[in-house]
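Here is the structure we will look at, set down as structure tokens.
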Amino acid sequence: MGSIRKIAYKIKKDTGISVSRQTIENWILGYEIPKKEVKNLYSGYYIFDVGWIKLNGFWNYRFALFDSKQNIIVADEIYSKENSTNIQKFLEESTRNQKKIAITSDLDEKYKPIIEGLEFTHQWCLFHVFKNINKKIKEYIRDNELSDDELENIRQEKLEIFSLFNSKSFKEARTRMDEILNQIKDYSKVIQSIIMDSLMPYFKTYFSYLLDENIERTSNKLENQFQKTFPKSIKRIMKIKKGAMSRINIRIEILNQIKVFDS
């Protein structure tokens with residue numbers, strides 16, 4: 001299976017008929033092309049994410065599970081709702097009879113109890129962690145009148161928190177956190193809140209990658225696959241679920257073939 005451009009070229013070469021790339025795209029989207037069922041043994045290290053997709057004017061959700069060691073999408077499905085029931089069903093079915101070691105995800109609160117309930121170690125994506133911390137600090141600064149010195153203190157405290165993620169081991173990160181806790185009253189209110197309400201209660205979920213180097217720190221690999229298999233330019237214009245899944249499955253097959261050739 002080649003690109004849309006190559007398919008158009010081959011049709012022209014074989015038949016002499018010129019067919020636009022959009023027409024070929026429409027043909028693909030009009031037929032159901034199922035994902036190939038491949039009984040692989042996966043690594044047990046995954047990334048889970050949910051993307052959005054518009055079908056006939058209504059928002060739907062693309063669930064995907066990615067093997068971060070083999071660099072392949074192992075499960076991909078579209079649901080009309082992103083709720084705990086669908087997430088549980090998707091992850092349970094996708095990992096049945098497979099190794100269950102770790103899943104990296106964003107910070108959606110629905111994910112954690114499900115992932116841990118399936119006996120995976122859960123790692124939060126550090127990109128989303130940093131983004132969330134920055135968001136909380138920005139909101140605090142917006143809602144409070146602060147002096148230049150207070151703003152600089154918050155900036156330095158944030159950098160200190162971020163430096164925890166450069167620790168060489170889980171023990172080092174924990175030791176440095178304990179040092180911060182011993183002086184917690186000296187920190188600004190917003191940093192105190194981030195530490196006491198988030199970092200401490202879920203410390204392992206932030207730093208599991210320091211316990212196992214095979215655990216992905218971010219969900220970037222899967223985000224890149226989303227862009228390759230379903231770019232923003234078309235994910236708003238889909239009409240039916242089978243057409244959307246056909247395009248996704250075709251792109252996944254192409255990427256898997258490229259992976260085989262590269263190796």
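To be explicit about the labels: the chains of the structure tokens are called A, B, and onward in the order shown, and within each one the residues are counted from 1, while ligands get numbers from 1 in the order they are shown.
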### Task
Report the residues of segment 65-225 of chain A whose backbone DSSP state falls under alpha helix (DSSP H), written as an NGL selection string.
:A and (84-94 or 111-117 or 126-143 or 148-163 or 170-182 or 189-194 or 203-207 or 220-225)
### Query
Any idea what's packed within 12 Å of Ser94 of chain A, counting only C-alpha atoms, ignoring anything in its chain fewer than 3 positions away? Could you give it as a PyMOL selection string?
chain A and resi 37-42+44+46+48+63-67+73-77+86-91+97-100+118
### Message
So that I can check the surroundings of Glu223 of chain A, please list as a PyMOL selection string every protein, DNA and RNA residue that reaches within 10 Å of it, counting only C-alpha atoms and ignoring chain neighbours fewer than 2 positions away.
### Response
chain A and resi 47-51+64+66+218-221+225-228
Those residues you just picked out, can you put them in a file as a compact mmCIF listing (two decimals), in the first residue's frame with N, CA and C atoms?
# COMPACT_ATOMS: atom_id res chain seq x y z
N ILE A 47 1.91 3.26 25.91
CA ILE A 47 1.42 4.62 26.04
C ILE A 47 -0.06 4.59 25.65
N PHE A 48 -0.89 5.21 26.46
CA PHE A 48 -2.32 5.29 26.15
C PHE A 48 -2.71 6.75 25.98
N ASP A 49 -3.50 7.02 24.95
CA ASP A 49 -3.96 8.38 24.75
C ASP A 49 -5.30 8.35 24.03
N VAL A 50 -6.01 9.46 24.14
CA VAL A 50 -7.30 9.61 23.48
C VAL A 50 -7.27 10.89 22.66
N GLY A 51 -7.53 10.75 21.37
CA GLY A 51 -7.62 11.92 20.49
C GLY A 51 -9.06 12.17 20.11
N ALA A 64 -6.22 4.90 21.61
CA ALA A 64 -5.08 4.19 21.03
C ALA A 64 -4.13 3.72 22.12
N PHE A 66 -0.21 2.13 22.45
CA PHE A 66 1.04 2.08 21.67
C PHE A 66 2.09 1.33 22.47
N THR A 218 7.14 10.39 28.48
CA THR A 218 6.11 11.21 27.84
C THR A 218 5.28 10.37 26.89
N SER A 219 4.20 10.97 26.42
CA SER A 219 3.35 10.30 25.43
C SER A 219 3.66 10.77 24.02
N ASN A 220 4.83 11.37 23.82
CA ASN A 220 5.18 11.98 22.53
C ASN A 220 5.15 10.98 21.38
N LYS A 221 5.61 9.76 21.62
CA LYS A 221 5.64 8.77 20.53
C LYS A 221 4.25 8.51 19.96
N GLN A 225 2.33 9.44 16.27
CA GLN A 225 1.58 8.48 15.47
C GLN A 225 0.20 9.02 15.13
N PHE A 226 -0.43 9.72 16.06
CA PHE A 226 -1.72 10.35 15.79
C PHE A 226 -1.62 11.29 14.59
N GLN A 227 -0.56 12.08 14.56
CA GLN A 227 -0.38 13.04 13.47
C GLN A 227 -0.14 12.33 12.14
N LYS A 228 0.59 11.22 12.17
CA LYS A 228 0.90 10.50 10.93
C LYS A 228 -0.30 9.74 10.40
### Message
List the spatial neighbours of Glu213 of chain A as a ChimeraX atom specification - criterion: any atom at most 12 Å away, only C-alpha atoms, same-chain residues fewer than 2 positions off excluded.
### Response
/A:45,68-69,102,123,168-170,207-211,215-217
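Going from atom CA of Val129 of chain A over to atom CA of Ser105 of chain A, you cover 10.5 Å.
Here the strand (DSSP E) residues in segment 78-126 of chain A, by DSSP on the backbone, are Ile78, Tyr79, Ala102, Ile103, Thr104, Ser105, Thr121, His122, Gln123 and Trp124 of chain A.
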### Task
Mind checking which residues fall within 10 Å of segment 186-197 of chain A, counting only C-alpha atoms, ignoring those fewer than 2 positions away in the same chain, and posting them as a ChimeraX atom specification?
/A:132-133,136-141,150-151,153-155,157-158,161,177,180-184,199-203
## Note on the structure
atom CA of Trp124 of chain A to atom CA of Arg174 of chain A measures 16.8 Å
#### Entry: Nearest to Glu82 of chain A, chosen from A:Gln156, A:Ile101, A:Asn60, A:Gln70, with only C-alpha atoms counted in the distances
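Smallest separation from Glu82 of chain A among the options: A:Asn60.
The coordinates place atom CA of Asn144 of chain A at 27.7 Å from atom CA of Glu179 of chain A.
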